[in-house]
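J.: Dropping in run.txt, which is compact mmCIF, C-alpha atoms:
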```txt
# COMPACT_ATOMS: atom_id res chain seq x y z
CA MET H 1138 -19.62 16.77 -21.84
CA ILE H 1139 -17.33 18.00 -19.06
CA ARG H 1140 -18.43 21.36 -17.63
CA TRP H 1141 -16.18 23.95 -15.99
CA HIS H 1142 -18.33 23.65 -12.87
CA ASP H 1143 -17.46 19.94 -12.66
CA LEU H 1144 -13.74 20.71 -12.89
CA TYR H 1145 -14.07 23.40 -10.23
CA MET H 1146 -15.81 21.00 -7.85
CA VAL H 1147 -13.01 18.49 -8.30
CA MET H 1148 -10.37 21.15 -7.73
CA SER H 1149 -12.14 22.48 -4.63
CA ALA H 1150 -12.13 19.00 -3.10
CA VAL H 1151 -8.54 18.09 -3.94
CA VAL H 1152 -6.51 21.31 -3.75
CA PRO H 1153 -6.96 21.55 0.08
CA LEU H 1154 -5.17 18.20 0.35
CA TYR H 1155 -2.14 19.73 -1.36
CA VAL H 1156 -2.35 22.78 0.91
CA ALA H 1157 -1.91 20.51 3.94
CA MET H 1158 0.97 18.72 2.24
CA ILE H 1159 2.74 21.97 1.26
CA LEU H 1160 2.32 23.42 4.76
CA ALA H 1161 3.98 20.34 6.23
CA TYR H 1162 6.82 20.47 3.73
CA GLY H 1163 7.40 24.16 4.38
CA SER H 1164 7.26 23.66 8.14
CA VAL H 1165 10.37 21.49 7.91
CA ARG H 1166 12.28 22.76 4.88
CA TRP H 1167 11.49 26.49 4.71
CA TRP H 1168 10.38 27.78 8.10
CA ALA H 1169 12.03 25.25 10.47
CA VAL H 1170 8.87 25.19 12.61
CA ILE H 1171 9.07 21.39 12.91
CA THR H 1172 12.32 19.50 13.33
CA PRO H 1173 12.99 16.15 11.64
CA GLU H 1174 12.93 14.53 15.09
CA GLN H 1175 9.44 15.88 15.75
CA CYS H 1176 8.24 14.47 12.43
CA ALA H 1177 8.57 10.95 13.82
CA GLY H 1178 6.11 11.70 16.62
CA ILE H 1179 3.58 13.29 14.26
CA ASN H 1180 3.88 10.41 11.80
CA ARG H 1181 3.43 7.92 14.65
CA PHE H 1182 0.23 9.65 15.76
CA VAL H 1183 -1.10 9.58 12.20
CA ALA H 1184 -0.21 5.90 11.73
CA VAL H 1185 -1.59 4.67 15.07
CA PHE H 1186 -4.65 6.87 15.59
CA ALA H 1187 -5.70 9.25 12.81
CA VAL H 1188 -5.56 6.98 9.75
CA PRO H 1189 -6.92 3.80 11.46
CA LEU H 1190 -9.89 5.77 12.81
CA LEU H 1191 -10.43 7.28 9.36
CA VAL H 1192 -10.31 3.77 7.86
CA PHE H 1193 -12.88 2.56 10.40
CA LYS H 1194 -15.21 5.50 9.82
CA VAL H 1195 -15.12 5.26 6.03
CA ILE H 1196 -15.61 1.49 5.90
CA SER H 1197 -18.26 1.33 8.63
CA ALA H 1198 -20.32 4.01 6.83
CA THR H 1199 -20.38 2.03 3.58
CA ASP H 1200 -23.09 -0.53 2.86
CA LEU H 1201 -21.05 -3.56 1.89
CA TYR H 1202 -24.23 -5.53 1.16
CA ALA H 1203 -24.56 -3.24 -1.86
CA MET H 1204 -21.02 -4.06 -2.95
CA ASP H 1205 -20.55 -4.04 -6.72
CA ILE H 1206 -19.16 -7.51 -7.34
CA ARG H 1207 -18.12 -6.80 -10.91
CA PHE H 1208 -16.20 -3.69 -9.88
CA ALA H 1209 -14.35 -5.61 -7.18
CA ALA H 1210 -13.77 -8.44 -9.67
CA ALA H 1211 -12.21 -6.00 -12.14
CA ASP H 1212 -9.78 -4.77 -9.49
CA THR H 1213 -8.92 -8.34 -8.49
CA LEU H 1214 -8.44 -9.41 -12.10
CA GLN H 1215 -6.15 -6.44 -12.74
CA LYS H 1216 -3.82 -7.53 -9.95
CA LEU H 1217 -3.93 -11.18 -10.98
CA LEU H 1218 -3.08 -10.23 -14.58
CA VAL H 1219 -0.09 -8.23 -13.39
CA LEU H 1220 1.08 -11.12 -11.18
CA ALA H 1221 0.69 -13.57 -14.07
CA ALA H 1222 2.61 -11.28 -16.44
CA LEU H 1223 5.41 -10.90 -13.91
CA ALA H 1224 5.59 -14.67 -13.43
CA VAL H 1225 5.90 -15.17 -17.19
CA TRP H 1226 8.52 -12.39 -17.39
CA CYS H 1227 10.59 -14.04 -14.65
CA ARG H 1228 10.54 -17.32 -16.55
CA LEU H 1229 11.09 -16.02 -20.08
CA ALA H 1230 13.06 -12.78 -19.65
CA PRO H 1231 16.02 -12.52 -22.09
CA ALA H 1232 19.48 -12.73 -20.55
CA ARG H 1233 20.22 -9.04 -21.14
CA TYR H 1234 17.17 -8.12 -19.02
CA GLY H 1235 17.88 -10.76 -16.39
CA ARG H 1236 18.61 -8.25 -13.65
CA PHE H 1237 15.07 -6.88 -13.99
CA ALA H 1238 13.53 -10.34 -13.57
CA GLY H 1239 13.18 -12.41 -10.43
CA LEU H 1240 11.21 -12.06 -7.23
CA ASP H 1241 12.79 -8.73 -6.21
CA TRP H 1242 11.63 -6.83 -9.27
CA SER H 1243 8.32 -8.66 -9.35
CA ILE H 1244 7.49 -7.32 -5.88
CA THR H 1245 8.50 -3.78 -6.85
CA LEU H 1246 6.67 -3.77 -10.18
CA PHE H 1247 3.53 -5.23 -8.60
CA SER H 1248 3.57 -2.45 -5.99
CA LEU H 1249 4.13 0.29 -8.56
CA SER H 1250 1.46 -0.84 -11.00
CA THR H 1251 -1.41 -1.87 -8.71
CA LEU H 1252 -1.21 -0.57 -5.12
CA THR H 1253 -2.67 2.93 -4.89
CA ASN H 1254 -3.30 5.55 -2.21
CA SER H 1255 -7.04 4.93 -2.52
CA LEU H 1256 -8.14 6.19 0.89
CA ILE H 1257 -6.10 9.37 1.27
CA VAL H 1258 -6.02 10.64 -2.33
CA GLY H 1259 -8.35 8.43 -4.36
CA LEU H 1260 -11.53 8.87 -2.34
CA PRO H 1261 -11.52 12.71 -2.19
CA LEU H 1262 -10.41 12.86 -5.82
CA ILE H 1263 -12.92 10.49 -7.40
CA ALA H 1264 -16.06 11.24 -5.34
CA PRO H 1265 -16.36 14.84 -6.70
CA MET H 1266 -15.83 13.55 -10.23
CA TYR H 1267 -18.45 10.82 -10.32
CA GLY H 1268 -20.58 11.33 -7.21
CA PRO H 1269 -21.04 9.59 -3.83
CA HIS H 1270 -21.57 6.18 -5.43
CA ALA H 1271 -18.05 6.35 -6.85
CA GLY H 1272 -16.78 6.98 -3.32
CA HIS H 1273 -18.51 3.80 -2.11
CA LEU H 1274 -16.86 1.85 -4.92
CA VAL H 1275 -13.42 3.15 -3.93
CA VAL H 1276 -14.08 2.14 -0.30
CA GLN H 1277 -14.70 -1.42 -1.50
CA LEU H 1278 -11.24 -1.42 -3.05
CA VAL H 1279 -9.75 0.03 0.16
CA VAL H 1280 -11.14 -2.98 2.05
CA LEU H 1281 -9.71 -5.44 -0.49
CA GLN H 1282 -6.34 -3.70 -0.55
CA CYS H 1283 -5.98 -3.63 3.24
CA ILE H 1284 -7.12 -7.19 3.86
CA VAL H 1285 -5.98 -9.08 0.75
CA TRP H 1286 -3.31 -7.27 -1.23
CA TYR H 1287 -1.21 -5.84 1.60
CA THR H 1288 -1.28 -9.28 3.19
CA LEU H 1289 0.00 -10.77 -0.07
CA LEU H 1290 2.69 -8.08 -0.22
CA ILE H 1291 3.88 -8.93 3.30
CA PHE H 1292 3.91 -12.62 2.31
CA LEU H 1293 6.06 -11.90 -0.76
CA PHE H 1294 8.52 -9.79 1.21
CA GLU H 1295 8.80 -12.42 3.93
CA PHE H 1296 9.15 -15.20 1.34
CA ARG H 1297 12.06 -13.30 -0.18
CA ALA H 1298 13.61 -12.69 3.25
CA ALA H 1299 13.17 -16.34 4.27
CA ARG H 1300 14.77 -17.57 1.05
CA VAL H 1301 17.81 -15.37 1.64
CA LEU H 1302 17.99 -16.22 5.33
CA VAL H 1303 17.94 -20.01 5.11
CA ALA H 1304 19.26 -20.69 1.61
CA GLY H 1305 22.11 -23.17 1.80
CA ARG H 1306 21.93 -23.56 5.57
CA PHE H 1307 18.54 -24.99 6.45
CA PRO H 1308 18.73 -27.84 9.03
CA VAL H 1309 18.80 -31.47 8.02
CA SER H 1310 15.84 -32.12 10.31
CA LEU H 1311 13.08 -29.89 8.94
CA ALA H 1312 10.93 -30.75 11.96
CA ALA H 1313 13.39 -28.80 14.09
CA VAL H 1314 12.64 -25.51 12.37
CA CYS H 1315 10.56 -23.05 14.40
CA VAL H 1316 10.20 -19.29 14.66
CA ASP H 1317 10.84 -17.62 18.00
CA PRO H 1318 7.83 -15.58 19.22
CA GLU H 1319 9.99 -12.44 19.43
CA VAL H 1320 10.87 -12.47 15.73
CA ALA H 1321 8.91 -9.77 13.91
CA SER H 1322 10.43 -10.30 10.46
CA LEU H 1323 12.63 -12.80 8.62
CA ASP H 1324 14.70 -9.98 7.15
CA GLY H 1325 18.40 -10.84 7.48
CA ASN H 1326 19.11 -7.63 9.39
CA THR H 1327 16.84 -8.66 12.27
CA ALA H 1328 16.71 -12.49 12.27
CA GLU H 1329 19.11 -15.42 12.13
CA VAL H 1330 19.02 -19.22 11.96
CA ALA H 1331 20.43 -20.80 15.12
CA PRO H 1332 22.32 -24.13 15.02
CA ASP H 1333 19.27 -25.93 16.44
CA GLY H 1334 17.07 -24.70 13.58
CA THR H 1335 15.31 -21.95 15.54
CA VAL H 1336 14.84 -18.62 13.78
CA ARG H 1337 15.63 -16.02 16.44
CA ASP H 1338 15.74 -12.27 16.82
CA LYS H 1339 19.31 -11.32 15.98
CA THR H 1340 19.63 -8.70 18.73
CA GLU H 1341 18.53 -11.10 21.48
CA ALA H 1342 20.70 -13.89 20.06
CA ALA H 1343 23.70 -11.58 20.10
CA VAL H 1344 23.11 -10.94 23.79
CA GLN H 1345 22.72 -14.63 24.58
CA GLU H 1346 25.57 -15.84 22.38
CA ALA H 1347 28.03 -12.99 22.00
CA GLY H 1348 29.58 -12.94 18.56
CA THR H 1349 27.86 -16.03 17.17
CA THR H 1350 25.19 -14.44 14.97
CA VAL H 1351 25.02 -15.62 11.37
CA GLU H 1352 24.83 -12.97 8.69
CA ALA H 1353 22.28 -13.75 5.99
CA LYS H 1354 23.69 -13.61 2.48
CA ASP H 1355 22.06 -14.47 -0.80
CA GLY H 1356 24.83 -16.88 -1.57
CA GLY H 1357 23.06 -19.06 -4.08
CA GLY H 1358 22.96 -22.13 -1.83
CA ALA H 1359 20.43 -24.92 -1.92
CA THR H 1360 16.83 -23.76 -2.10
CA PRO H 1361 14.76 -24.76 0.95
CA PRO H 1362 11.60 -26.82 0.42
CA PHE H 1363 8.43 -24.78 -0.06
CA GLY H 1364 6.82 -26.40 3.01
CA LEU H 1365 9.67 -25.15 5.16
CA MET H 1366 9.30 -21.67 3.72
CA LEU H 1367 5.60 -21.63 4.61
CA ARG H 1368 6.35 -22.74 8.16
CA LEU H 1369 8.76 -19.84 8.48
CA ILE H 1370 6.61 -17.22 6.80
CA LEU H 1371 3.03 -17.74 7.99
CA PRO H 1372 3.65 -17.01 11.70
CA ILE H 1373 5.47 -13.81 10.75
CA VAL H 1374 2.71 -12.66 8.39
CA TRP H 1375 0.13 -13.28 11.12
CA ARG H 1376 2.14 -11.29 13.68
CA ARG H 1377 2.59 -8.41 11.26
CA LEU H 1378 -1.13 -8.28 10.57
CA ILE H 1379 -2.34 -8.42 14.16
CA ARG H 1380 0.13 -5.67 15.17
CA ASN H 1381 -1.03 -3.32 12.41
CA PRO H 1382 -3.67 -0.78 13.58
CA ASN H 1383 -5.03 -0.47 10.04
CA THR H 1384 -5.80 -4.21 10.01
CA HIS H 1385 -7.80 -3.86 13.23
CA ALA H 1386 -9.60 -0.78 11.90
CA CYS H 1387 -10.45 -2.48 8.60
CA VAL H 1388 -11.78 -5.67 10.22
CA LEU H 1389 -13.77 -3.78 12.88
CA GLY H 1390 -15.15 -1.38 10.27
CA LEU H 1391 -16.13 -4.31 8.07
CA ALA H 1392 -17.84 -6.08 10.98
CA TRP H 1393 -19.72 -2.96 12.11
CA SER H 1394 -20.85 -2.19 8.55
CA LEU H 1395 -22.30 -5.70 8.19
CA ILE H 1396 -24.09 -5.40 11.55
CA LYS H 1397 -25.28 -1.84 10.97
CA PHE H 1398 -26.81 -2.36 7.55
CA ARG H 1399 -28.16 -5.83 8.33
CA PHE H 1400 -29.96 -4.97 11.57
CA HIS H 1401 -30.25 -1.19 11.07
CA ILE H 1402 -28.43 -0.43 14.30
CA THR H 1403 -26.88 2.98 14.89
CA MET H 1404 -23.71 3.50 16.88
CA PRO H 1405 -24.17 5.23 20.25
CA ALA H 1406 -23.56 8.96 19.87
CA ILE H 1407 -20.81 9.03 22.51
CA VAL H 1408 -18.86 6.35 20.63
CA ALA H 1409 -19.49 7.88 17.20
CA ASN H 1410 -18.39 11.34 18.37
CA SER H 1411 -15.29 9.91 20.07
CA ILE H 1412 -14.27 8.34 16.75
CA SER H 1413 -15.20 11.37 14.65
CA ILE H 1414 -13.18 13.86 16.68
CA LEU H 1415 -9.99 12.20 15.44
CA SER H 1416 -11.14 10.59 12.20
CA ASP H 1417 -12.38 13.95 10.86
CA ALA H 1418 -8.79 15.16 11.09
CA GLY H 1419 -7.44 11.93 9.63
CA LEU H 1420 -7.45 12.97 5.97
CA GLY H 1421 -5.75 16.30 6.57
CA MET H 1422 -3.25 14.77 8.99
CA ALA H 1423 -2.44 11.99 6.54
CA MET H 1424 -1.60 14.54 3.84
CA PHE H 1425 0.32 16.60 6.40
CA SER H 1426 2.28 13.48 7.30
CA LEU H 1427 3.00 12.85 3.61
CA GLY H 1428 4.36 16.39 3.35
CA LEU H 1429 6.62 15.72 6.34
CA PHE H 1430 7.77 12.53 4.68
CA MET H 1431 8.74 14.48 1.56
CA ALA H 1432 10.54 17.12 3.63
CA ILE H 1433 12.81 14.71 5.49
CA GLN H 1434 13.96 12.96 2.31
CA PRO H 1435 17.36 14.11 0.99
CA LYS H 1436 15.88 14.64 -2.50
CA ILE H 1437 12.39 14.74 -4.01
CA ILE H 1438 13.63 12.55 -6.86
CA ALA H 1439 15.74 9.88 -5.17
CA ASP H 1440 16.74 8.09 -8.37
CA SER H 1441 17.75 8.96 -11.93
CA ASN H 1442 15.40 10.78 -14.29
CA THR H 1443 15.13 7.65 -16.43
CA VAL H 1444 14.04 5.50 -13.50
CA THR H 1445 11.61 8.20 -12.37
CA ALA H 1446 10.05 8.40 -15.83
CA ALA H 1447 9.74 4.60 -15.99
CA THR H 1448 8.19 4.55 -12.51
CA MET H 1449 5.57 7.15 -13.50
CA ALA H 1450 4.81 5.29 -16.74
CA ILE H 1451 4.16 2.10 -14.80
CA ARG H 1452 1.98 3.91 -12.24
CA PHE H 1453 -0.06 6.14 -14.57
CA LEU H 1454 -0.07 4.23 -17.86
CA LEU H 1455 0.46 0.52 -17.28
CA GLY H 1456 -1.77 0.27 -14.20
CA PRO H 1457 -4.79 2.00 -15.81
CA ALA H 1458 -4.25 0.09 -19.09
CA VAL H 1459 -4.39 -3.29 -17.34
CA MET H 1460 -7.41 -2.09 -15.35
CA ALA H 1461 -9.17 -1.13 -18.60
CA ILE H 1462 -8.55 -4.64 -19.95
CA ALA H 1463 -9.74 -6.27 -16.71
CA SER H 1464 -12.82 -4.04 -16.52
CA ALA H 1465 -13.80 -4.81 -20.10
CA ALA H 1466 -13.29 -8.52 -19.42
CA VAL H 1467 -15.79 -8.52 -16.53
CA GLY H 1468 -18.29 -6.40 -18.43
CA LEU H 1469 -17.89 -2.91 -16.93
CA ARG H 1470 -19.22 -0.20 -19.21
CA GLY H 1471 -19.99 3.51 -19.11
CA THR H 1472 -19.43 5.36 -15.84
CA LEU H 1473 -18.27 2.26 -13.97
CA LEU H 1474 -15.53 1.71 -16.55
CA ARG H 1475 -14.43 5.35 -16.24
CA ILE H 1476 -14.32 5.14 -12.44
CA ALA H 1477 -12.27 1.94 -12.60
CA ILE H 1478 -9.68 3.50 -14.93
CA VAL H 1479 -9.39 6.80 -13.04
CA GLN H 1480 -9.01 5.10 -9.65
CA ALA H 1481 -6.19 3.01 -11.14
CA ALA H 1482 -4.40 6.25 -12.06
CA ILE H 1483 -4.11 7.70 -8.56
CA PRO H 1484 -0.77 7.91 -6.69
CA LEU H 1485 1.22 5.03 -5.31
CA GLY H 1486 0.30 4.10 -1.75
CA ILE H 1487 2.81 4.87 0.98
CA VAL H 1488 2.49 1.40 2.58
CA PRO H 1489 4.49 -0.34 -0.21
CA PHE H 1490 7.31 2.17 0.34
CA VAL H 1491 7.27 1.51 4.10
CA PHE H 1492 7.65 -2.22 3.41
CA ALA H 1493 10.34 -1.62 0.76
CA ARG H 1494 12.37 0.49 3.19
CA GLU H 1495 11.94 -2.06 5.98
CA TYR H 1496 13.06 -4.97 3.78
CA ASN H 1497 15.69 -2.91 1.93
CA LEU H 1498 14.30 -3.61 -1.53
CA HIS H 1499 14.32 -0.77 -4.10
CA ALA H 1500 13.32 1.74 -1.42
CA ALA H 1501 14.65 4.70 -3.46
CA ILE H 1502 12.42 3.77 -6.41
CA LEU H 1503 9.32 3.44 -4.21
CA CYS H 1504 10.19 6.70 -2.40
CA THR H 1505 10.35 8.55 -5.71
CA GLY H 1506 7.15 6.83 -6.79
CA VAL H 1507 5.21 7.97 -3.73
CA ILE H 1508 6.43 11.57 -3.81
CA PHE H 1509 6.34 12.28 -7.54
CA SER H 1510 3.08 10.45 -8.21
CA THR H 1511 1.40 12.43 -5.42
CA LEU H 1512 2.69 15.72 -6.82
CA ILE H 1513 1.35 15.09 -10.32
CA ALA H 1514 -1.75 13.11 -9.34
CA LEU H 1515 -4.21 15.98 -9.78
CA PRO H 1516 -3.30 16.95 -13.36
CA VAL H 1517 -3.04 13.28 -14.38
CA ALA H 1518 -6.46 12.47 -12.92
CA LEU H 1519 -7.99 15.52 -14.59
CA VAL H 1520 -6.56 14.47 -17.96
CA TYR H 1521 -8.07 10.99 -17.57
CA TYR H 1522 -11.36 12.52 -16.38
CA ILE H 1523 -11.58 14.86 -19.37
CA ILE H 1524 -10.52 12.29 -21.99
CA LEU H 1525 -12.84 9.57 -20.67
CA GLY H 1526 -15.68 12.09 -20.43
CA LEU H 1527 -15.28 12.91 -24.11
CA LEU H 1528 -15.38 9.29 -25.27
```
Take the structure in the file and write it out as structure tokens.
T.:
Amino acid sequence: MIRWHDLYMVMSAVVPLYVAMILAYGSVRWWAVITPEQCAGINRFVAVFAVPLLVFKVISATDLYAMDIRFAAADTLQKLLVLAALAVWCRLAPARYGRFAGLDWSITLFSLSTLTNSLIVGLPLIAPMYGPHAGHLVVQLVVLQCIVWYTLLIFLFEFRAARVLVAGRFPVSLAAVCVDPEVASLDGNTAEVAPDGTVRDKTEAAVQEAGTTVEAKDGGGATPPFGLMLRLILPIVWRRLIRNPNTHACVLGLAWSLIKFRFHITMPAIVANSISILSDAGLGMAMFSLGLFMAIQPKIIADSNTVTAATMAIRFLLGPAVMAIASAAVGLRGTLLRIAIVQAAIPLGIVPFVFAREYNLHAAILCTGVIFSTLIALPVALVYYIILGLL
């Protein structure tokens, strides 16, 4: 039975997150304390320092030797089921729904239904509901999402970009294809295929060969061999990962957790305090940054009401439903099953939107998904919490 005290504890943990978000929004939109130009600097600080240090602190404080394998398996199975369903949909979609099939929509639907804001919203929301152990379970999913699923997402985006970039114009000699070290993405706005088969940064190529850059168009040409696509994509994915501060924080946190709980070693106080002084502000700053992000958007709802409703249904109904199926399949019951379903009903992560904007793929839909799902996350989570508690 859910008690009012339980609901109050959840509210007292989560409402302060919205206070930080509203203050940031008001600072830009209502009081003009912060200019849109200054938002970029604050967001950069959060992305490079505050959130990575928060990621490191949370992961390094979690005993990964006590990882719940079935819980992690349920999360993995949920994502695999969604990927399998999307693959079948792409193959069998009726002609009238053809524009919603294909790789583009598969990437977007996968992001909407499975990739959540587990660290910033999920952890402070679920831990008061189900206790500290639930927080440790969410951290496990944060590790998997950062290391496995965001890597897969980058791969899918780069696969799409590579297919558009080289379709119909890949060199006769596949051995000649190589990726210049300066290329950070295969997106057609930043990269081009040179006559010698080298994929180069478009800006540098324009300097070297004025006026000879090739615009990438999805012209329906011949499809390049899969081996060529891998040779193009893998170096880019690796560069994206090693340049991402969150990747470093996740790997270092994972390594320190394994060392700490295996050999019972404590971090030197001077190092721990140096990390804590910024990581303790990481959660509040992340929500503040999200509020700034909302404030600099032209509209809170960037797409039509129909698309917004469909986006929320995918995020808050389809995602938890598939998680319930996956959890039951691996044998989760009782409190673990409830935690799995509730954590699948938290807001969309901001990282998928960042990628969507960078690769120019349904960015308006992902923008609306991030903002609106964050705004309604608390009442949705409370509804799930109450209903599951009564079952």
J.: One decimal, Å: what's the distance from atom CA of Leu1278 of chain H over to atom CA of Trp1141 of chain H, could you say?
T.: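 Interatomic distance here is 28.9 Å.
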J.: Residues of segment 1462-1481 of chain H that approach segment 1509-1521 of chain H to 9 Å or less, counting all atoms listed in the file: could you list each one with the shortest pair of atoms and its distance in Å to one decimal, rows by chain and increasing residue number, as a tab-separated table?
T.:
```
residue	atom	partner	partner_atom	distance
H:Arg1475	CA	H:Tyr1521	CA	8.6
H:Ile1478	CA	H:Tyr1521	CA	8.1
H:Val1479	CA	H:Tyr1521	CA	6.3
H:Gln1480	CA	H:Ala1518	CA	8.5
```
J.: Just give me the gap between atom CA of Leu1289 of chain H and atom CA of Leu1240 of chain H in Å, one decimal is fine.
T.: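 Between these atoms lies a distance of 13.4 Å.
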J.: Extract, using all atoms listed in the file, all DNA, RNA and protein residues at most 12 Å from Ala1465 of chain H, discarding same-chain residues fewer than 3 positions from it, and format them as a count of residues only.
T.: 21
J.: Could you please determine the separation between atom CA of His1499 of chain H and atom CA of Trp1242 of chain H in Å, to one decimal place?
T.: 8.4 Å
J.: Nearest to Ile1263 of chain H among H:Leu1527, H:Leu1415, H:Val1147, H:Leu1281, with distances taken over only C-alpha atoms: which residue is it?
T.: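 Among the listed residues, the smallest separation from Ile1263 of chain H belongs to H:Val1147.
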J.: Which residues come within 12 Å of Cys1283 of chain H, counting all atoms listed in the file, excluding same-chain residues fewer than 3 positions away, as a PyMOL selection string?
T.: chain H and resi 1189+1192-1193+1196+1252-1256+1276-1280+1286-1291+1378+1381-1388+1390-1391+1486+1488-1489
J.: Within 6 Å of (3.9, 9.0, 3.5) (coordinates as in the file), grab all the protein and nucleic acid residues, counting all atoms listed in the file, and write them out as a list in words.
T.: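 Residues close enough to count: Leu1427, Phe1430 and Ile1487 of chain H.
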J.: For a quick check of understanding, using only C-alpha atoms, which of H:Met1431, H:Met1148, H:Leu1367, H:Ala1418 has the smallest distance to Val1188 of chain H?
T.: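 Among H:Met1431, H:Met1148, H:Leu1367, H:Ala1418, it is H:Ala1418 that comes nearest to Val1188 of chain H.
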J.: In terms of the shortest atom-to-atom distance over all atoms listed in the file, which of H:Ala1432, H:Ala1222, H:Val1467, H:Leu1302 is closest to Asp1205 of chain H?
T.: H:Val1467
J.: Using all atoms listed in the file, which residue out of H:Pro1435, H:Ala1161, H:Leu1389, H:Ala1299 lies closest to Leu1371 of chain H?
T.: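 Checking each candidate against Leu1371 of chain H, we get H:Ala1299 as the closest.
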J.: Find, counting all atoms listed in the file, the residue in H:Val1258, H:Ala1482, H:Ile1476, H:Met1422 that gets nearest to Ser1464 of chain H.
T.: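 Comparing H:Val1258, H:Ala1482, H:Ile1476, H:Met1422 against Ser1464 of chain H, the winner is H:Ile1476.
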J.: Would you mind telling me which residue in H:Pro1265, H:Val1444, H:Met1366, H:Ala1493 lies nearest to His1142 of chain H when using all atoms listed in the file?
T.: H:Pro1265
J.: If we count all atoms listed in the file and set the cut-off at 9 Å, which residues sit around Phe1186 of chain H, ignoring sequence neighbours fewer than 4 positions away in its own chain? Please answer as a ChimeraX atom specification.
T.: /H:1181-1182,1190-1191,1382,1415-1416,1419
